[in-house]
Every structure is written in C-alpha cells, then in structure tokens.
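Engineer: File follows, data-v7.txt with compact mmCIF, C-alpha atoms (C1' of nucleotides):
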```txt
# COMPACT_ATOMS: atom_id res chain seq x y z
CA MET L 1 18.90 -53.46 -22.46
CA PRO L 2 19.46 -49.70 -22.09
CA ARG L 3 17.00 -47.47 -23.91
CA LEU L 4 18.57 -45.31 -26.63
CA ASN L 5 19.22 -41.58 -26.48
CA THR L 6 17.27 -41.06 -23.30
CA ASP L 7 17.87 -39.56 -19.91
CA THR L 8 15.83 -42.02 -17.95
CA ARG L 9 16.28 -40.18 -14.67
CA ALA L 10 14.85 -36.97 -16.07
CA GLU L 11 12.06 -38.82 -17.80
CA ILE L 12 11.07 -40.46 -14.54
CA ARG L 13 10.89 -37.08 -12.85
CA THR L 14 8.71 -35.70 -15.62
CA VAL L 15 6.28 -38.59 -15.66
CA ALA L 16 6.16 -38.77 -11.88
CA LEU L 17 5.30 -35.08 -11.60
CA GLU L 18 2.56 -35.50 -14.16
CA LEU L 19 0.99 -38.47 -12.46
CA PHE L 20 1.43 -37.19 -8.92
CA SER L 21 -0.24 -33.94 -9.96
CA GLU L 22 -3.14 -35.64 -11.65
CA GLN L 23 -3.88 -38.37 -9.17
CA GLY L 24 -2.08 -37.47 -6.00
CA TYR L 25 1.10 -38.92 -4.57
CA GLU L 26 -0.26 -41.95 -2.72
CA GLN L 27 -2.69 -42.75 -5.50
CA THR L 28 0.12 -43.06 -7.98
CA SER L 29 2.01 -46.32 -7.89
CA LEU L 30 5.55 -46.88 -9.06
CA ARG L 31 4.13 -49.52 -11.36
CA GLU L 32 2.14 -46.85 -13.19
CA ILE L 33 5.14 -44.60 -13.61
CA ALA L 34 7.27 -47.47 -14.84
CA GLU L 35 4.63 -48.69 -17.26
CA ARG L 36 4.19 -45.30 -18.86
CA LEU L 37 7.94 -45.19 -19.47
CA GLY L 38 8.12 -48.74 -20.73
CA ILE L 39 10.43 -49.88 -17.98
CA THR L 40 9.93 -51.94 -14.84
CA LYS L 41 9.60 -50.97 -11.22
CA ALA L 42 13.02 -52.46 -10.52
CA ALA L 43 14.63 -50.16 -13.09
CA LEU L 44 12.94 -47.27 -11.37
CA TYR L 45 14.50 -48.23 -8.09
CA TYR L 46 17.90 -48.15 -9.74
CA HIS L 47 17.45 -44.41 -10.30
CA PHE L 48 15.58 -43.46 -7.13
CA SER L 49 16.16 -45.30 -3.90
CA SER L 50 12.54 -44.85 -2.79
CA LYS L 51 9.27 -43.28 -3.80
CA SER L 52 9.76 -40.64 -1.13
CA VAL L 53 13.15 -39.62 -2.51
CA LEU L 54 11.61 -39.20 -5.95
CA LEU L 55 8.96 -36.94 -4.46
CA GLY L 56 11.56 -34.91 -2.62
CA GLU L 57 13.47 -34.19 -5.81
CA LEU L 58 10.33 -32.74 -7.33
CA VAL L 59 9.36 -30.54 -4.43
CA HIS L 60 12.64 -29.36 -2.94
CA PRO L 61 13.56 -26.86 -5.67
CA LEU L 62 10.38 -24.92 -4.93
CA ILE L 63 10.92 -25.06 -1.20
CA ASP L 64 14.48 -23.88 -1.63
CA GLU L 65 13.41 -20.93 -3.76
CA LEU L 66 10.75 -19.95 -1.27
CA ARG L 67 13.34 -20.06 1.48
CA ALA L 68 15.81 -18.03 -0.57
CA MET L 69 13.13 -15.45 -1.20
CA ALA L 70 12.36 -15.15 2.49
CA ASP L 71 16.06 -14.82 3.24
CA ARG L 72 16.45 -11.98 0.78
CA MET L 73 13.67 -10.09 2.51
CA GLY L 74 14.69 -8.09 5.54
CA GLU L 75 18.42 -8.50 4.93
CA SER L 76 18.73 -6.50 1.77
CA GLY L 77 16.41 -3.66 0.86
CA PHE L 78 13.88 -6.12 -0.55
CA THR L 79 10.91 -4.76 1.36
CA ASP L 80 8.62 -3.14 -1.20
CA PRO L 81 5.30 -4.96 -0.81
CA ARG L 82 4.36 -4.84 -4.46
CA ALA L 83 7.73 -6.19 -5.54
CA ILE L 84 7.40 -9.02 -3.04
CA VAL L 85 3.86 -9.87 -4.11
CA GLU L 86 4.90 -9.85 -7.76
CA GLU L 87 7.86 -12.09 -7.11
CA TYR L 88 5.68 -14.45 -5.13
CA PHE L 89 3.24 -14.66 -8.01
CA ASP L 90 6.06 -15.36 -10.45
CA LEU L 91 7.47 -18.06 -8.22
CA CYS L 92 4.10 -19.76 -7.79
CA PHE L 93 3.47 -19.51 -11.49
CA ARG L 94 6.84 -20.96 -12.47
CA TYR L 95 6.30 -23.95 -10.20
CA ARG L 96 2.55 -24.10 -10.72
CA GLN L 97 2.48 -27.82 -11.44
CA VAL L 98 4.24 -28.59 -8.16
CA PHE L 99 2.21 -25.99 -6.38
CA ILE L 100 -1.16 -27.21 -7.53
CA GLY L 101 -0.53 -30.90 -7.61
CA LEU L 102 1.80 -31.57 -4.72
CA LEU L 103 1.71 -28.85 -2.10
CA ASN L 104 -2.02 -29.43 -1.72
CA ASP L 105 -1.58 -33.11 -1.12
CA VAL L 106 -2.04 -34.05 2.54
CA HIS L 107 0.33 -36.95 2.34
CA VAL L 108 3.04 -34.94 0.61
CA ARG L 109 2.88 -32.25 3.27
CA ARG L 110 3.19 -34.88 5.98
CA GLU L 111 5.97 -36.80 4.33
CA LEU L 112 8.13 -33.78 3.67
CA GLU L 113 7.24 -32.00 6.90
CA LEU L 114 6.09 -29.05 4.87
CA VAL L 115 3.52 -27.55 7.16
CA GLU L 116 5.96 -26.17 9.70
CA ALA L 117 8.20 -24.93 6.93
CA MET L 118 5.38 -23.09 5.22
CA ILE L 119 4.02 -21.61 8.43
CA HIS L 120 7.44 -20.35 9.34
CA TRP L 121 7.90 -18.88 5.87
CA ARG L 122 4.56 -17.17 6.01
CA GLU L 123 5.29 -15.62 9.38
CA ARG L 124 8.41 -13.99 8.05
CA VAL L 125 6.78 -12.76 4.86
CA ASP L 126 3.67 -11.54 6.63
CA ALA L 127 5.78 -9.47 8.97
CA VAL L 128 7.37 -7.65 6.07
CA LEU L 129 4.14 -7.25 4.10
CA VAL L 130 1.96 -5.85 6.86
CA GLY L 131 4.63 -4.82 9.36
CA SER L 132 3.01 -6.63 12.25
CA ASP L 133 2.70 -10.09 13.69
CA ALA L 134 -0.70 -9.51 15.24
CA PRO L 135 -3.21 -11.95 13.78
CA ALA L 136 -5.61 -9.15 12.86
CA ASP L 137 -2.90 -7.71 10.64
CA ARG L 138 -1.45 -10.95 9.33
CA VAL L 139 -4.91 -11.87 8.08
CA ARG L 140 -4.50 -9.26 5.38
CA SER L 141 -1.30 -10.85 4.17
CA VAL L 142 -2.85 -14.30 4.20
CA VAL L 143 -5.82 -13.15 2.14
CA ALA L 144 -3.47 -11.47 -0.32
CA LEU L 145 -1.02 -14.33 -0.83
CA GLY L 146 -3.54 -17.13 -0.43
CA GLY L 147 -5.89 -15.51 -2.90
CA LEU L 148 -3.01 -14.93 -5.28
CA GLN L 149 -2.17 -18.62 -5.34
CA ASP L 150 -5.75 -19.58 -6.03
CA THR L 151 -5.85 -17.52 -9.19
CA ILE L 152 -3.00 -19.58 -10.62
CA ILE L 153 -4.94 -22.74 -9.89
CA LEU L 154 -8.30 -21.51 -11.14
CA PHE L 155 -7.25 -19.67 -14.30
CA PRO L 156 -4.85 -21.96 -16.10
CA ASP L 157 -5.94 -20.60 -19.48
CA VAL L 158 -5.70 -16.87 -18.84
CA PRO L 159 -2.49 -15.38 -20.29
CA ALA L 160 0.10 -15.08 -17.55
CA ALA L 161 0.68 -11.37 -17.95
CA GLU L 162 -2.99 -10.52 -17.73
CA LEU L 163 -3.51 -12.81 -14.77
CA ARG L 164 -0.51 -11.42 -12.99
CA ALA L 165 -1.63 -7.82 -13.37
CA ALA L 166 -5.14 -8.45 -12.10
CA ALA L 167 -4.13 -10.82 -9.29
CA VAL L 168 -1.32 -8.67 -7.94
CA ASP L 169 -3.63 -5.70 -8.02
CA ALA L 170 -6.32 -7.42 -6.00
CA ALA L 171 -3.74 -8.80 -3.58
CA MET L 172 -2.28 -5.35 -3.02
CA ARG L 173 -5.67 -3.98 -2.09
CA ALA L 174 -6.21 -6.81 0.36
CA LEU L 175 -2.98 -5.76 2.02
CA LEU L 176 -4.19 -2.25 2.77
CA PRO L 177 -4.88 -1.50 6.43
CA GLU L 178 -8.49 -1.18 7.53
CA THR L 179 -8.52 2.55 7.08
CA ALA L 180 -8.20 1.96 3.34
CA GLY L 181 -9.86 4.12 0.76
CA THR L 182 -7.32 6.84 1.39
CA PRO L 183 -4.78 6.13 -1.33
CA ALA L 184 -1.94 7.90 0.39
CA ALA L 185 -2.36 5.81 3.53
CA LYS L 186 0.76 3.78 2.89
CA GLY L 187 2.55 5.42 0.01
CA ALA L 188 4.05 2.77 -2.20
CA ILE L 189 1.27 0.32 -1.54
CA ALA L 190 -1.67 2.35 -2.73
CA SER L 191 0.01 4.02 -5.68
CA GLU L 192 0.50 2.21 -8.97
CA MET A 1 -22.45 -57.95 21.29
CA PRO A 2 -23.93 -54.47 20.92
CA ARG A 3 -22.04 -51.68 22.66
CA LEU A 4 -24.04 -49.87 25.33
CA ASN A 5 -25.59 -46.43 25.08
CA THR A 6 -23.88 -45.57 21.87
CA ASP A 7 -24.86 -44.38 18.46
CA THR A 8 -22.27 -46.30 16.54
CA ARG A 9 -23.16 -44.76 13.21
CA ALA A 10 -22.61 -41.24 14.50
CA GLU A 11 -19.41 -42.27 16.26
CA ILE A 12 -18.06 -43.72 13.06
CA ARG A 13 -18.71 -40.46 11.27
CA THR A 14 -16.96 -38.47 13.98
CA VAL A 15 -13.90 -40.67 14.12
CA ALA A 16 -13.71 -40.95 10.34
CA LEU A 17 -13.80 -37.18 9.93
CA GLU A 18 -11.05 -36.83 12.51
CA LEU A 19 -8.79 -39.37 10.89
CA PHE A 20 -9.51 -38.36 7.31
CA SER A 21 -8.69 -34.77 8.23
CA GLU A 22 -5.48 -35.66 9.99
CA GLN A 23 -4.08 -38.20 7.59
CA GLY A 24 -6.03 -37.86 4.39
CA TYR A 25 -8.73 -40.11 3.03
CA GLU A 26 -6.67 -42.76 1.29
CA GLN A 27 -4.12 -42.83 4.07
CA THR A 28 -6.78 -43.76 6.57
CA SER A 29 -7.84 -47.38 6.59
CA LEU A 30 -11.12 -48.73 7.83
CA ARG A 31 -9.08 -50.86 10.20
CA GLU A 32 -7.81 -47.70 11.91
CA ILE A 33 -11.30 -46.29 12.26
CA ALA A 34 -12.64 -49.54 13.61
CA GLU A 35 -9.78 -49.98 16.05
CA ARG A 36 -10.21 -46.54 17.54
CA LEU A 37 -13.87 -47.36 18.14
CA GLY A 38 -13.15 -50.78 19.53
CA ILE A 39 -15.09 -52.58 16.82
CA THR A 40 -14.05 -54.51 13.76
CA LYS A 41 -13.96 -53.63 10.11
CA ALA A 42 -16.86 -55.94 9.46
CA ALA A 43 -19.04 -54.05 11.93
CA LEU A 44 -18.15 -50.89 10.14
CA TYR A 45 -19.40 -52.32 6.88
CA TYR A 46 -22.68 -53.05 8.55
CA HIS A 47 -23.22 -49.30 9.00
CA PHE A 48 -21.67 -48.01 5.79
CA SER A 49 -21.76 -50.04 2.64
CA SER A 50 -18.38 -48.75 1.51
CA LYS A 51 -15.60 -46.40 2.43
CA SER A 52 -16.70 -44.06 -0.32
CA VAL A 53 -20.24 -43.83 1.04
CA LEU A 54 -18.88 -42.93 4.45
CA LEU A 55 -16.86 -40.15 2.86
CA GLY A 56 -19.89 -38.88 0.97
CA GLU A 57 -21.93 -38.56 4.13
CA LEU A 58 -19.26 -36.32 5.60
CA VAL A 59 -18.85 -34.04 2.62
CA HIS A 60 -22.32 -33.78 1.11
CA PRO A 61 -23.85 -31.50 3.75
CA LEU A 62 -21.25 -28.85 2.95
CA ILE A 63 -21.71 -29.25 -0.79
CA ASP A 64 -25.46 -28.96 -0.37
CA GLU A 65 -25.18 -25.80 1.66
CA LEU A 66 -22.84 -24.24 -0.87
CA ARG A 67 -25.29 -25.08 -3.60
CA ALA A 68 -28.20 -23.68 -1.63
CA MET A 69 -26.28 -20.49 -1.06
CA ALA A 70 -25.57 -20.12 -4.77
CA ASP A 71 -29.23 -20.76 -5.53
CA ARG A 72 -30.33 -18.03 -3.17
CA MET A 73 -28.10 -15.56 -4.94
CA GLY A 74 -29.60 -14.01 -8.06
CA GLU A 75 -33.08 -15.33 -7.41
CA SER A 76 -33.89 -13.35 -4.33
CA GLY A 77 -32.37 -10.02 -3.49
CA PHE A 78 -29.34 -11.69 -1.98
CA THR A 79 -26.79 -9.68 -3.92
CA ASP A 80 -25.01 -7.45 -1.43
CA PRO A 81 -21.33 -8.39 -1.78
CA ARG A 82 -20.47 -7.93 1.86
CA ALA A 83 -23.39 -10.06 2.99
CA ILE A 84 -22.33 -12.79 0.57
CA VAL A 85 -18.71 -12.68 1.66
CA GLU A 86 -19.73 -12.82 5.30
CA GLU A 87 -22.03 -15.74 4.73
CA TYR A 88 -19.32 -17.54 2.79
CA PHE A 89 -16.93 -17.04 5.69
CA ASP A 90 -19.48 -18.36 8.16
CA LEU A 91 -20.15 -21.40 6.01
CA CYS A 92 -16.46 -22.21 5.61
CA PHE A 93 -15.93 -21.69 9.31
CA ARG A 94 -18.82 -23.90 10.34
CA TYR A 95 -17.54 -26.74 8.18
CA ARG A 96 -13.89 -25.93 8.68
CA GLN A 97 -12.89 -29.47 9.52
CA VAL A 98 -14.37 -30.77 6.27
CA PHE A 99 -13.04 -27.81 4.39
CA ILE A 100 -9.48 -28.13 5.60
CA GLY A 101 -9.21 -31.85 5.81
CA LEU A 102 -11.26 -33.16 2.93
CA LEU A 103 -11.82 -30.59 0.22
CA ASN A 104 -8.06 -30.23 -0.11
CA ASP A 105 -7.57 -33.93 -0.60
CA VAL A 106 -6.87 -34.82 -4.22
CA HIS A 107 -8.44 -38.22 -3.93
CA VAL A 108 -11.58 -36.89 -2.29
CA ARG A 109 -12.06 -34.32 -5.01
CA ARG A 110 -11.71 -37.01 -7.62
CA GLU A 111 -13.94 -39.51 -5.95
CA LEU A 112 -16.78 -37.08 -5.38
CA GLU A 113 -16.32 -35.21 -8.67
CA LEU A 114 -15.95 -32.04 -6.71
CA VAL A 115 -13.81 -30.01 -9.04
CA GLU A 116 -16.50 -29.39 -11.64
CA ALA A 117 -19.02 -28.66 -8.91
CA MET A 118 -16.76 -26.11 -7.26
CA ILE A 119 -15.80 -24.44 -10.53
CA HIS A 120 -19.45 -24.11 -11.48
CA TRP A 121 -20.28 -22.72 -8.06
CA ARG A 122 -17.47 -20.19 -8.25
CA GLU A 123 -18.57 -19.01 -11.67
CA ARG A 124 -22.01 -18.18 -10.37
CA VAL A 125 -20.77 -16.48 -7.22
CA ASP A 126 -18.06 -14.56 -9.03
CA ALA A 127 -20.62 -13.16 -11.43
CA VAL A 128 -22.62 -11.72 -8.57
CA LEU A 129 -19.61 -10.47 -6.62
CA VAL A 130 -17.85 -8.63 -9.42
CA GLY A 131 -20.68 -8.37 -11.93
CA SER A 132 -18.66 -9.78 -14.78
CA ASP A 133 -17.47 -13.09 -16.12
CA ALA A 134 -14.32 -11.72 -17.71
CA PRO A 135 -11.27 -13.40 -16.18
CA ALA A 136 -9.68 -10.06 -15.37
CA ASP A 137 -12.67 -9.30 -13.16
CA ARG A 138 -13.25 -12.75 -11.76
CA VAL A 139 -9.68 -12.74 -10.49
CA ARG A 140 -10.75 -10.24 -7.86
CA SER A 141 -13.43 -12.57 -6.60
CA VAL A 142 -11.07 -15.51 -6.53
CA VAL A 143 -8.50 -13.59 -4.53
CA ALA A 144 -11.19 -12.49 -2.11
CA LEU A 145 -12.85 -15.84 -1.51
CA GLY A 146 -9.70 -17.95 -1.84
CA GLY A 147 -7.85 -15.74 0.57
CA LEU A 148 -10.78 -15.81 2.95
CA GLN A 149 -10.68 -19.59 3.10
CA ASP A 150 -6.97 -19.59 3.81
CA THR A 151 -7.41 -17.50 6.91
CA ILE A 152 -9.63 -20.16 8.41
CA ILE A 153 -6.98 -22.75 7.78
CA LEU A 154 -4.04 -20.69 8.96
CA PHE A 155 -5.51 -19.09 12.07
CA PRO A 156 -7.28 -21.85 13.96
CA ASP A 157 -6.58 -20.16 17.28
CA VAL A 158 -7.76 -16.64 16.54
CA PRO A 159 -11.24 -15.95 17.99
CA ALA A 160 -13.80 -16.41 15.22
CA ALA A 161 -15.30 -12.94 15.52
CA GLU A 162 -11.95 -11.20 15.27
CA LEU A 163 -10.87 -13.36 12.38
CA ARG A 164 -14.13 -12.81 10.55
CA ALA A 165 -13.94 -9.06 10.84
CA ALA A 166 -10.39 -8.83 9.58
CA ALA A 167 -10.76 -11.44 6.85
CA VAL A 168 -14.01 -10.12 5.45
CA ASP A 169 -12.54 -6.66 5.43
CA ALA A 170 -9.49 -7.70 3.46
CA ALA A 171 -11.62 -9.75 1.08
CA MET A 172 -13.92 -6.80 0.43
CA ARG A 173 -10.98 -4.64 -0.54
CA ALA A 174 -9.71 -7.32 -2.91
CA LEU A 175 -13.10 -7.18 -4.60
CA LEU A 176 -12.84 -3.48 -5.45
CA PRO A 177 -12.34 -2.70 -9.14
CA GLU A 178 -8.93 -1.51 -10.27
CA THR A 179 -9.84 2.10 -9.91
CA ALA A 180 -10.04 1.58 -6.18
CA GLY A 181 -9.01 4.13 -3.68
CA THR A 182 -12.16 6.05 -4.44
CA PRO A 183 -14.49 4.80 -1.72
CA ALA A 184 -17.65 5.72 -3.55
CA ALA A 185 -16.71 3.65 -6.56
CA LYS A 186 -19.19 0.94 -5.85
CA GLY A 187 -21.40 2.12 -3.07
CA ALA A 188 -22.14 -0.67 -0.68
CA ILE A 189 -18.81 -2.34 -1.28
CA ALA A 190 -16.51 0.43 -0.31
CA SER A 191 -18.50 1.82 2.58
CA GLU A 192 -18.56 0.15 5.95
C1' DG X 1 -24.87 -55.58 15.45
C1' DT X 2 -20.82 -57.54 15.96
C1' DC X 3 -17.67 -61.22 15.34
C1' DT X 4 -13.86 -64.49 12.89
C1' DA X 5 -11.88 -65.75 8.80
C1' DT X 6 -10.64 -65.12 4.30
C1' DA X 7 -10.81 -63.92 -0.53
C1' DG X 8 -8.50 -61.26 -3.92
C1' DG X 9 -5.68 -57.74 -5.09
C1' DA X 10 -2.28 -53.85 -5.01
C1' DT X 11 1.82 -51.86 -3.13
C1' DG X 12 6.78 -50.59 -1.92
C1' DA X 13 10.88 -52.74 -1.91
C1' DT X 14 14.76 -56.34 -2.68
C1' DA X 15 17.75 -60.26 -4.68
C1' DG X 16 20.17 -61.75 -8.20
C1' DA X 17 20.66 -62.84 -13.31
C1' DC X 18 22.16 -60.68 -17.63
C1' DG I 1 20.68 -50.28 -16.51
C1' DT I 2 17.27 -53.24 -16.96
C1' DC I 3 15.14 -57.57 -16.19
C1' DT I 4 12.28 -61.58 -13.66
C1' DA I 5 10.72 -63.26 -9.53
C1' DT I 6 9.44 -62.74 -5.07
C1' DC I 7 8.63 -60.96 -0.17
C1' DA I 8 6.04 -58.97 3.31
C1' DT I 9 2.47 -56.02 4.12
C1' DC I 10 -1.49 -53.67 3.67
C1' DC I 11 -5.96 -52.83 1.77
C1' DT I 12 -11.35 -53.12 0.66
C1' DA I 13 -14.85 -56.07 0.87
C1' DT I 14 -17.63 -60.38 1.79
C1' DA I 15 -19.45 -64.90 3.96
C1' DG I 16 -21.33 -66.88 7.56
C1' DA I 17 -21.50 -67.87 12.74
C1' DC I 18 -23.41 -65.99 17.02
```
Have the structure of the file written as structure tokens, please.

Structural biologist:
Amino acid sequence: MPRLNTDTRAEIRTVALELFSEQGYEQTSLREIAERLGITKAALYYHFSSKSVLLGELVHPLIDELRAMADRMGESGFTDPRAIVEEYFDLCFRYRQVFIGLLNDVHVRRELELVEAMIHWRERVDAVLVGSDAPADRVRSVVALGGLQDTIILFPDVPAAELRAAAVDAAMRALLPETAGTPAAKGAIASE
Amino acid sequence: MPRLNTDTRAEIRTVALELFSEQGYEQTSLREIAERLGITKAALYYHFSSKSVLLGELVHPLIDELRAMADRMGESGFTDPRAIVEEYFDLCFRYRQVFIGLLNDVHVRRELELVEAMIHWRERVDAVLVGSDAPADRVRSVVALGGLQDTIILFPDVPAAELRAAAVDAAMRALLPETAGTPAAKGAIASE
DNA sequence: GTCTATAGGATGATAGAC
DNA sequence: GTCTATCATCCTATAGAC
C-alpha cells in the first residue's frame, strides 16, 4: 500500500545521499536504501530506473552549477580573483555532502565521466585566476582551490563564516605570483 | 606448475596496485588480478591470505613513512616549515600511485581505519607548521598541504622538479599568517 | 605453487500480482 | 506504488588433487 503523507522520491534521494556519502557508492546496495525507508528494492526501481540514474540525480546539480560558474567567468566582468574564490568556496560548502562523499569516489567519477569535466573546468578557471595556462602558473591556482576544498572536508565543525574567511585568505595568498611579498604586485589580489 | 623466473608475490602487488588505482579497490576483483597474471584466484590466495591483506601491504609503507615523518618533527630540530613542506611533497610524490589511487578510495579508508590516522597526523603537523591548534590558523596549513597534494594528482606530466618548486612556493605563501605581505613576518617562512 | 571445483552469499534488475 | 519471487551474475574464500 502507499505510504502516507510522504514524497518517496525525495526520501530516496535523501537516504541515498546519506548512505553513498558514508559508505561509498558501490558499497551501498539498493537493499540497504530500501530497508532504511521501509520499502522494497522493487519499489525503489519504480522511482529510479537504475542505481546509476539515482546517483546522477544527486550529482548533476553540483556539476551544472560548476559549469554555470565557469560560463559566467570570462563572458561577463566576473574576473575578480577574490570574488571567484569566494564563490567557489560557497559552492563547495553548499554541496559539501556531495563534494565530500561522492566526488571523491573513484567509481562515481568513472560512472559519470567526471574527470574530464572537472579537468576542463579547472583549466578555464585557472586561466582566469592566474592569467596563464603554463603549468608553473596553474599550480598556484590548483593549490588555492584544492586547498580550499580540503578545509571544508577537514573542518566540518568550524562555523562557516570563520572558515570561509580564513580559507579564502590562505587561498588568495597561494595565488600570488612568485615575486610575492610585495602587496601591490597584483592590485586587487593582495589588498583586502 | 610454477611459473619460471618470476617473483609472483611481487608481481601480484604490482598488478594489484595498478588495478586498484585505476578502478578502485572494491571494483577490482581478485579474478581480474589473477587473469592479468595468468594464474588463478586460488594461487593468489596462496600468496595473500585475503584481499584486505593485499591492500594493507600496498598502503602501509606510506602510512609508516608519514608517521615516521610526524615523529621526527618536534623531537629533533625538524621544524623549519619549508623543509617540512618540501619533504611532504617528496613523500606524496614518491608514493603518488598509492596516494592518488588508494587514499582517495572511500572503502580503503574505511577498511584500514585511515581517517582517524590521517586526522591525527594532520593535527601534529599543523601545529608545527602554523604554531597553533586554533582552527583559524590550522586552515592555513590545510590549504597548503591539501593544495600541494592536488598538484601531484593534477599535473602528472609536469617534470617533478618544476612542479615541486612551484607547488612548494604556493604552499608556503598559503602558510603565511593573515598579516602577510610583510616578508619579514615570520623569518624563514617568507624568505627564500 | 598452482590447479579445478564449489560453497555460500550479495547484488542489480525484472515479471507480474494486487 | 508497492509487493513477492526470481534471474543471472558476480564476488570472496576454501577444499583437495597434482
């Protein structure tokens, strides 16, 4: 019989994200998800045609937002490094459960062909952040954004505002060209 | 019959590391490993008592070295931030296949109880690198070391020396306290 | 050291009743 | 929408022959 007053589809997504994040995608069976909801695997298949489709619905919103962010850069005047770094932090933070639990999962990256997408995204962002596509320069951007992400994973209990301020600050310094130490070196970057 | 002129045990380790890195630990079956070596699963079990033990033999050397590095800090005079960051880069680089392929695998981290180990390690290293255990300060260390790791993953084709120079440099800047821009702020850190 | 054969179990997915 | 029952497939691991 139908369960009362519930949006089963949404509940499945919620439980799936929880379990995928905790245990990994492959290590979580549809049986587990169904059991926690008090339904059967077959009912689950009524709502999602496959395990992979369920995964996609969890991850795609983040991917889409990342893509939209990259699109907005370059086109419009969205080129201020600090603004970009801050927005990237906010995006990672908003989707932190997906970020931590799913984007780091080997199988998820394979299944959704995420590696190429992310590399491509990074290339575009790096170019704007350090104004170069030479590896020696892009390294700075990778340290900045990669390090930024890690703070969200490693400090789940630090208040968001405090974390954001400290992390963005450190990331901005990582972005500075090698001749750093001279605050005026790149105007908007070095100033606060 | 025994295969000629081969060290099967070592070959298993090599092939396992390759496949685990490419596909993830759980996604790689012992059948696959055995097939690639031209032996059977049963032979594999002769050399390694379980899949988990095989995994442990691949990962433990790295864990041990990380631990040894943390032990050397504090005790002896091994406290120069740049030296620590450089050694951390070298360690990550030397074990990059394990680092990229296994430490990022959810199931591996679970199975080897790696999360607590890594968090503990980071706490000790952070304290030496930024001289504080306040989150606002530790963030700098996390950005520095986390970002450093990412460069190894994202730039597999950049010559090691070039990568190291650029990555360590960016990481060192991320470590600077918020009042950065004044090169003399922390002596050895800011100078090159 | 390596083999064949198999136990024992979990999994994703489907068919068809209600 | 949810169920029961089942399929086909894969897995880790073991027993015992050679």

Engineer: Please compute the CA of Glu22 (chain A)-CA of Arg109 (chain L) distance, one decimal, in Å.

Structural biologist: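 We find that CA of Glu22 (chain A) and CA of Arg109 (chain L) lie 11.3 Å from each other.
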
Engineer: Leaving out region 88-95 of chain L and any residue of its chain fewer than 2 positions from it, which residues lie within 7 Å of it when counting only C-alpha atoms (C1' of nucleotides), given as a PyMOL selection string?

Structural biologist: chain L and resi 62+84-86+97-99+148-149+152

Engineer: Residues of chain A near chain I: apply a cut-off of 9 Å, count only C-alpha atoms (C1' of nucleotides), and supply the list as a PyMOL selection string.

Structural biologist: chain A and resi 29-30+42+45+50-51

Engineer: CA of Asp150 (chain L) and CA of Leu112 (chain A), how far apart in Å?

Structural biologist: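 Separating CA of Leu112 (chain A) from CA of Asp150 (chain L) is a distance of 20.7 Å.
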
Engineer: Between A:Phe20, A:Phe78, A:Tyr46, A:Trp121, which has the minimum distance to chain X (counting only C-alpha atoms (C1' of nucleotides))?

Structural biologist: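 The shortest atom-to-atom distance to chain X comes from A:Tyr46.
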
Engineer: Could you tell me how far CA of Val15 (chain A) lies from CA of Leu103 (chain A), in Å and to one decimal?

Structural biologist: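 Rounded to one decimal, the two atoms are 17.3 Å apart.
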